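Note: the block below is work.cif and it holds mmCIF, C-alpha atoms and all ligand atoms.
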```
data_protein
loop_
_atom_site.label_atom_id
_atom_site.label_comp_id
_atom_site.auth_asym_id
_atom_site.auth_seq_id
_atom_site.Cartn_x
_atom_site.Cartn_y
_atom_site.Cartn_z
CA MET Q 1 32.32 26.16 -15.66
CA ILE Q 2 29.13 25.82 -17.52
CA ILE Q 3 26.14 25.50 -15.33
CA ILE Q 4 23.32 23.71 -17.00
CA ARG Q 5 20.04 24.75 -15.52
CA MET Q 6 17.49 22.08 -15.88
CA VAL Q 7 13.91 23.11 -15.71
CA ILE Q 8 11.92 20.16 -14.54
CA LYS Q 9 8.38 20.64 -15.71
CA SER Q 10 5.74 18.30 -14.47
CA HIS Q 11 3.46 17.00 -17.18
CA LYS Q 12 1.05 15.83 -14.51
CA MET Q 13 -2.24 17.69 -14.23
CA PHE Q 14 -4.61 17.01 -11.35
CA ASP Q 15 -8.35 17.47 -11.17
CA ILE Q 16 -9.48 16.90 -7.60
CA HIS Q 17 -13.18 17.75 -7.97
CA SER Q 18 -15.44 15.96 -10.46
CA HIS Q 19 -18.76 14.16 -10.71
CA ILE Q 20 -17.89 11.37 -13.11
CA ILE Q 21 -19.27 8.28 -11.37
CA PRO Q 22 -22.43 7.17 -13.17
CA ARG Q 23 -25.87 7.45 -11.55
CA ILE Q 24 -24.96 8.42 -8.00
CA ASP Q 25 -25.40 12.19 -8.14
CA ASP Q 26 -26.10 14.95 -10.66
CA GLY Q 27 -22.97 14.12 -12.71
CA ALA Q 28 -22.52 11.27 -15.20
CA ARG Q 29 -25.87 9.67 -16.07
CA ASP Q 30 -24.52 6.32 -17.25
CA GLU Q 31 -21.33 4.48 -18.24
CA ALA Q 32 -21.25 6.07 -21.72
CA ASP Q 33 -21.41 9.47 -20.10
CA ALA Q 34 -18.60 8.57 -17.68
CA LEU Q 35 -16.49 7.39 -20.62
CA SER Q 36 -17.02 10.69 -22.48
CA LEU Q 37 -16.05 12.65 -19.37
CA LEU Q 38 -12.91 10.57 -18.76
CA ARG Q 39 -11.92 10.79 -22.42
CA LEU Q 40 -12.37 14.56 -22.55
CA ALA Q 41 -10.40 15.04 -19.32
CA GLN Q 42 -7.55 12.97 -20.71
CA GLN Q 43 -7.61 14.79 -24.07
CA ASP Q 44 -7.49 18.09 -22.20
CA GLY Q 45 -4.29 17.05 -20.44
CA THR Q 46 -5.56 15.83 -17.06
CA THR Q 47 -3.46 12.89 -15.91
CA HIS Q 48 -5.07 12.34 -12.48
CA ILE Q 49 -8.73 12.81 -11.69
CA VAL Q 50 -10.57 12.36 -8.40
CA ALA Q 51 -14.26 11.46 -8.54
CA THR Q 52 -15.96 13.45 -5.79
CA PRO Q 53 -19.65 12.51 -5.71
CA HIS Q 54 -21.93 14.57 -3.51
CA ILE Q 55 -22.64 13.30 -0.03
CA HIS Q 56 -25.66 15.47 0.65
CA SER Q 57 -28.27 14.26 3.10
CA GLY Q 58 -31.78 14.23 1.66
CA ARG Q 59 -30.49 14.70 -1.87
CA PHE Q 60 -27.60 12.36 -2.66
CA GLU Q 61 -27.36 9.63 -0.04
CA ASN Q 62 -23.89 8.40 -0.93
CA ASP Q 63 -21.47 6.60 1.35
CA GLN Q 64 -18.16 4.83 0.95
CA ASN Q 65 -19.93 1.76 -0.49
CA THR Q 66 -21.63 3.59 -3.38
CA ILE Q 67 -18.49 5.64 -4.01
CA PHE Q 68 -15.97 2.78 -4.06
CA ALA Q 69 -18.32 0.64 -6.18
CA GLY Q 70 -18.45 3.60 -8.58
CA LEU Q 71 -14.67 3.84 -8.59
CA SER Q 72 -14.48 0.20 -9.70
CA THR Q 73 -16.84 1.04 -12.56
CA LEU Q 74 -14.59 3.92 -13.64
CA LYS Q 75 -11.49 1.73 -13.49
CA LYS Q 76 -13.24 -0.89 -15.61
CA ILE Q 77 -14.18 1.76 -18.21
CA ILE Q 78 -10.61 3.05 -18.30
CA LYS Q 79 -9.23 -0.46 -18.83
CA GLU Q 80 -11.79 -1.44 -21.47
CA HIS Q 81 -11.09 1.66 -23.52
CA SER Q 82 -7.32 1.72 -22.93
CA LEU Q 83 -7.34 5.19 -21.42
CA THR Q 84 -4.26 6.34 -19.54
CA ILE Q 85 -5.85 8.72 -17.03
CA ASN Q 86 -5.44 7.80 -13.34
CA VAL Q 87 -8.58 7.81 -11.26
CA ALA Q 88 -9.29 7.81 -7.52
CA ALA Q 89 -12.36 8.56 -5.42
CA SER Q 90 -13.27 10.82 -2.53
CA CYS Q 91 -16.40 12.93 -2.04
CA GLU Q 92 -17.80 16.44 -1.90
CA LEU Q 93 -19.24 16.65 1.58
CA ARG Q 94 -22.15 18.99 2.21
CA LEU Q 95 -21.59 21.10 5.31
CA ASP Q 96 -24.04 19.42 7.67
CA ILE Q 97 -23.72 18.14 11.24
CA VAL Q 98 -25.62 15.02 10.16
CA HIS Q 99 -22.26 13.70 8.86
CA MET Q 100 -20.46 13.95 12.22
CA ALA Q 101 -20.92 10.29 13.18
CA LYS Q 102 -19.47 9.02 9.90
CA LEU Q 103 -16.62 11.53 10.09
CA MET Q 104 -15.80 10.26 13.57
CA SER Q 105 -15.82 6.63 12.47
CA GLY Q 106 -13.71 7.41 9.40
CA GLU Q 107 -16.40 6.40 6.91
CA ILE Q 108 -16.20 9.53 4.77
CA PRO Q 109 -13.79 9.06 1.82
CA THR Q 110 -11.27 11.91 1.90
CA LEU Q 111 -8.81 13.31 -0.64
CA GLY Q 112 -5.82 12.06 1.31
CA THR Q 113 -3.78 12.76 4.41
CA VAL Q 114 -1.34 15.66 4.71
CA ASN Q 115 0.61 16.40 7.90
CA GLY Q 116 -1.76 14.22 9.90
CA TYR Q 117 -4.94 15.90 8.63
CA LYS Q 118 -7.42 14.16 6.38
CA ILE Q 119 -8.36 16.53 3.57
CA VAL Q 120 -12.11 16.82 3.00
CA LEU Q 121 -13.71 18.68 0.11
CA LEU Q 122 -16.41 20.70 1.86
CA GLU Q 123 -19.42 22.20 0.12
CA PHE Q 124 -21.27 25.17 1.58
CA PRO Q 125 -24.82 25.83 0.34
CA HIS Q 126 -24.66 28.05 -2.76
CA SER Q 127 -27.07 30.58 -1.30
CA HIS Q 128 -25.47 31.37 2.05
CA ILE Q 129 -23.16 30.47 4.90
CA PRO Q 130 -25.34 28.69 7.46
CA PRO Q 131 -25.25 29.66 11.13
CA GLY Q 132 -22.85 27.40 13.00
CA ALA Q 133 -20.68 26.76 9.95
CA GLU Q 134 -17.59 28.12 11.70
CA ASN Q 135 -18.16 25.87 14.72
CA PHE Q 136 -18.57 22.87 12.46
CA VAL Q 137 -15.27 23.70 10.71
CA LYS Q 138 -13.57 24.02 14.11
CA TRP Q 139 -15.01 20.62 15.03
CA LEU Q 140 -13.57 19.18 11.80
CA PHE Q 141 -10.08 20.44 12.67
CA ASN Q 142 -10.39 19.08 16.21
CA ASN Q 143 -11.28 15.70 14.77
CA GLY Q 144 -8.36 15.52 12.35
CA TYR Q 145 -9.94 16.93 9.19
CA LYS Q 146 -8.71 19.89 7.16
CA PRO Q 147 -11.47 21.20 4.88
CA ILE Q 148 -10.83 22.43 1.39
CA ILE Q 149 -13.76 24.73 0.67
CA ALA Q 150 -15.30 23.95 -2.73
CA HIS Q 151 -15.84 26.94 -5.03
CA PRO Q 152 -16.19 29.81 -2.49
CA GLU Q 153 -16.43 32.16 -5.50
CA ARG Q 154 -19.91 30.80 -6.26
CA ASN Q 155 -21.37 31.34 -2.78
CA ARG Q 156 -23.83 34.25 -2.74
CA ASP Q 157 -22.98 35.43 0.79
CA LEU Q 158 -19.28 35.49 -0.07
CA LEU Q 159 -19.92 37.28 -3.37
CA LYS Q 160 -21.70 40.02 -1.42
CA SER Q 161 -19.28 40.08 1.53
CA PRO Q 162 -15.91 38.55 0.62
CA SER Q 163 -14.54 39.18 4.12
CA LEU Q 164 -16.83 36.39 5.41
CA LEU Q 165 -14.28 33.94 4.01
CA ASN Q 166 -11.49 35.22 6.25
CA PRO Q 167 -12.42 33.37 9.48
CA TYR Q 168 -12.25 30.08 7.57
CA LEU Q 169 -8.85 30.93 6.10
CA ARG Q 170 -7.63 31.91 9.58
CA LEU Q 171 -8.74 28.52 10.88
CA GLY Q 172 -6.54 26.93 8.21
CA CYS Q 173 -9.08 25.95 5.56
CA LEU Q 174 -7.88 25.51 2.01
CA THR Q 175 -9.90 26.68 -0.99
CA GLN Q 176 -10.71 25.20 -4.38
CA VAL Q 177 -11.83 27.53 -7.14
CA THR Q 178 -13.62 26.11 -10.18
CA ALA Q 179 -11.90 26.38 -13.58
CA GLY Q 180 -15.13 27.52 -15.26
CA SER Q 181 -15.46 30.40 -12.79
CA ILE Q 182 -12.13 31.79 -13.97
CA THR Q 183 -13.05 31.49 -17.63
CA GLY Q 184 -16.39 33.22 -17.11
CA GLU Q 185 -18.81 30.26 -17.43
CA PHE Q 186 -20.66 31.40 -14.29
CA GLY Q 187 -20.83 35.08 -15.26
CA ASN Q 188 -18.72 38.17 -14.73
CA THR Q 189 -19.40 38.65 -11.02
CA VAL Q 190 -18.18 35.15 -10.19
CA LYS Q 191 -15.22 35.59 -12.55
CA SER Q 192 -14.04 38.83 -10.97
CA TYR Q 193 -14.40 37.42 -7.45
CA ALA Q 194 -12.43 34.31 -8.51
CA LEU Q 195 -9.69 36.49 -10.01
CA SER Q 196 -9.55 38.69 -6.91
CA LEU Q 197 -9.16 35.60 -4.70
CA LEU Q 198 -6.28 34.51 -6.94
CA ALA Q 199 -4.69 37.96 -6.81
CA GLN Q 200 -4.85 37.85 -2.99
CA ASP Q 201 -3.30 34.36 -2.86
CA LYS Q 202 -6.44 32.96 -1.27
CA VAL Q 203 -6.73 30.00 -3.64
CA ASP Q 204 -4.99 26.66 -3.11
CA VAL Q 205 -6.29 24.52 -5.95
CA ILE Q 206 -8.20 24.94 -9.21
CA ALA Q 207 -10.37 22.01 -10.32
CA SER Q 208 -13.09 21.39 -12.88
CA ASP Q 209 -16.12 20.35 -10.77
CA ALA Q 210 -17.13 18.57 -13.98
CA HIS Q 211 -20.71 17.32 -14.20
CA ASN Q 212 -21.27 16.83 -17.93
CA ILE Q 213 -19.71 17.36 -21.34
CA SER Q 214 -21.81 20.28 -22.50
CA ARG Q 215 -22.13 22.84 -19.72
CA ARG Q 216 -19.71 21.76 -17.02
CA PRO Q 217 -16.93 19.79 -18.73
CA PRO Q 218 -13.74 18.34 -17.22
CA VAL Q 219 -11.59 21.01 -18.84
CA LEU Q 220 -8.69 22.68 -17.03
CA SER Q 221 -6.51 23.83 -19.94
CA LYS Q 222 -8.37 27.09 -20.61
CA ALA Q 223 -8.20 28.20 -16.98
CA TYR Q 224 -4.56 27.07 -16.80
CA ALA Q 225 -3.74 29.27 -19.80
CA LEU Q 226 -5.59 32.22 -18.31
CA VAL Q 227 -3.93 31.90 -14.90
CA THR Q 228 -0.53 31.57 -16.61
CA LYS Q 229 -1.20 34.75 -18.60
CA GLU Q 230 -2.47 36.76 -15.62
CA PHE Q 231 -0.30 35.45 -12.79
CA GLY Q 232 2.59 33.51 -14.33
CA VAL Q 233 3.37 29.86 -14.94
CA GLU Q 234 4.74 29.24 -11.45
CA LYS Q 235 1.42 30.11 -9.84
CA ALA Q 236 -0.51 28.11 -12.44
CA ASP Q 237 1.64 25.05 -11.78
CA THR Q 238 1.12 25.41 -8.02
CA LEU Q 239 -2.67 25.55 -8.41
CA PHE Q 240 -3.17 22.84 -11.06
CA LYS Q 241 -0.25 20.49 -10.41
CA ILE Q 242 1.87 20.85 -7.28
CA THR Q 243 -0.69 21.48 -4.52
CA PRO Q 244 -3.36 19.05 -5.80
CA GLN Q 245 -0.66 16.40 -6.21
CA LYS Q 246 0.48 16.96 -2.61
CA LEU Q 247 -3.10 16.76 -1.27
CA THR Q 248 -3.93 13.53 -3.11
CA GLN Q 249 -0.57 11.77 -2.83
CA THR Q 250 -1.77 9.12 -0.35
CA LEU Q 251 -5.01 8.63 -2.32
CA PHE Q 252 -3.25 7.82 -5.60
CA ASP Q 253 -0.53 5.80 -3.84
CA GLU Q 254 -3.20 3.51 -2.38
CA GLY Q 255 -5.00 3.11 -5.69
FE FE T 301 -19.05 19.58 -7.11
#
```
Is it possible to give me this structure as structure tokens?
Amino acid sequence: MIIIRMVIKSHKMFDIHSHIIPRIDDGARDEADALSLLRLAQQDGTTHIVATPHIHSGRFENDQNTIFAGLSTLKKIIKEHSLTINVAASCELRLDIVHMAKLMSGEIPTLGTVNGYKIVLLEFPHSHIPPGAENFVKWLFNNGYKPIIAHPERNRDLLKSPSLLNPYLRLGCLTQVTAGSITGEFGNTVKSYALSLLAQDKVDVIASDAHNISRRPPVLSKAYALVTKEFGVEKADTLFKITPQKLTQTLFDEG
């Protein structure tokens, strides 16, 4: 008997962290900018992109109204220019107790729901891990949120003392490493930390964290190639396709 082994390869590529909504944070400046970002993402092979504007008190005062209005703008751009990329919206939430009320009332747009937990992309300050961060993360879990920590490889405290990440992993946090960190756009120290996190299986998703075309573009293909070369295609597919698809399934189903 001849056994035909079919290898089902997903052509879907997910980018769950990007700043492509015009004018509401430090990402796209206007509609033309958003169009360039969407077009480049699509050309690079991304089939599903989540706009994750900053919600950062005192800096970017976004809420579900500004974010969902921005999502409509993106959908309009996609339609007008006959792009095929799928878009949805969530946020990148700054770690700050000021957001507790909105988290409790369900007003923070999340990446989706998995096993009863709402997945929230959580941003630590770049300089350090603030006192009380662990308690805040525990509070999130107790209130039905599972954080995915945005780019831990770029946090200065973690770069100095990588073991500081462990309590968060033990609590059940997920991690998102930025594609540009792996390809060296943020320097060699960040790159080697990112690669060591990958080697230790401490990374769940890789995403672009795109802000603009020139310095922080929505490009995943280079990092995908590098991860495939260093760790194999199975791991690359898990990080760029399978896990991000699982996390955002309810988000794209709704859209
Ligand atoms: Fe970001």
Subject >> Contacts of ligand FE 301 (chain T), 9 Å or closer, only C-alpha atoms and all ligand atoms, given as a PyMOL selection string >> reply: chain Q and resi 17-19+27+52-54+91-92+123+150-151+208-211
Original post:
How many Å separate atom CA of Thr243 of chain Q from atom CA of Gly112 of chain Q?
Top reply: 12.2 Å
**OP:** Give the answer as one residue: which of Q:Lys160, Q:Lys118, Q:Lys202, Q:His81 has the shortest atom-to-atom distance to Met104 of chain Q, using only C-alpha atoms?
**Re:**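 Of the candidates, the smallest distance to Met104 of chain Q is held by Q:Lys118.
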**OP:** Could you please give me, as a count of residues only, the residues of protein, DNA or RNA lying at most 12 Å from (-1.1, 40.2, -13.5) in the coordinate frame of the file, considering only C-alpha atoms?
**Re:** 14
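One finds atom CA of Ile119 of chain Q at 9.7 Å from atom CA of Cys173 of chain Q.
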Subject >> Shortest interatomic distance to Leu239 of chain Q - which of Q:Ile213, Q:Ala51, Q:Ala34, Q:Ile206, counting all atoms listed in the file >> reply: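 The answer is Q:Ile206, which sits nearest to Leu239 of chain Q.
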**OP:** Tell me which protein, DNA and RNA residues are within 7 Å of segment 106-111 of chain Q, counting all atoms listed in the file, leaving out same-chain ones fewer than 3 positions away, and put them as number ranges by chain.
**Re:** Q: 63-64, 90-91, 102-103, 118-120, 247-248, 251
Original post:
For His48 of chain Q, which residue out of Q:Thr178, Q:Ser105, Q:Thr84, Q:Thr73 is the nearest one, using all atoms listed in the file?
Top reply: Q:Thr84
Original post:
Rounded to one decimal in Å, what is the spacing between atom CA of Met13 of chain Q and atom CA of Asp237 of chain Q?
Top reply: 8.7 Å
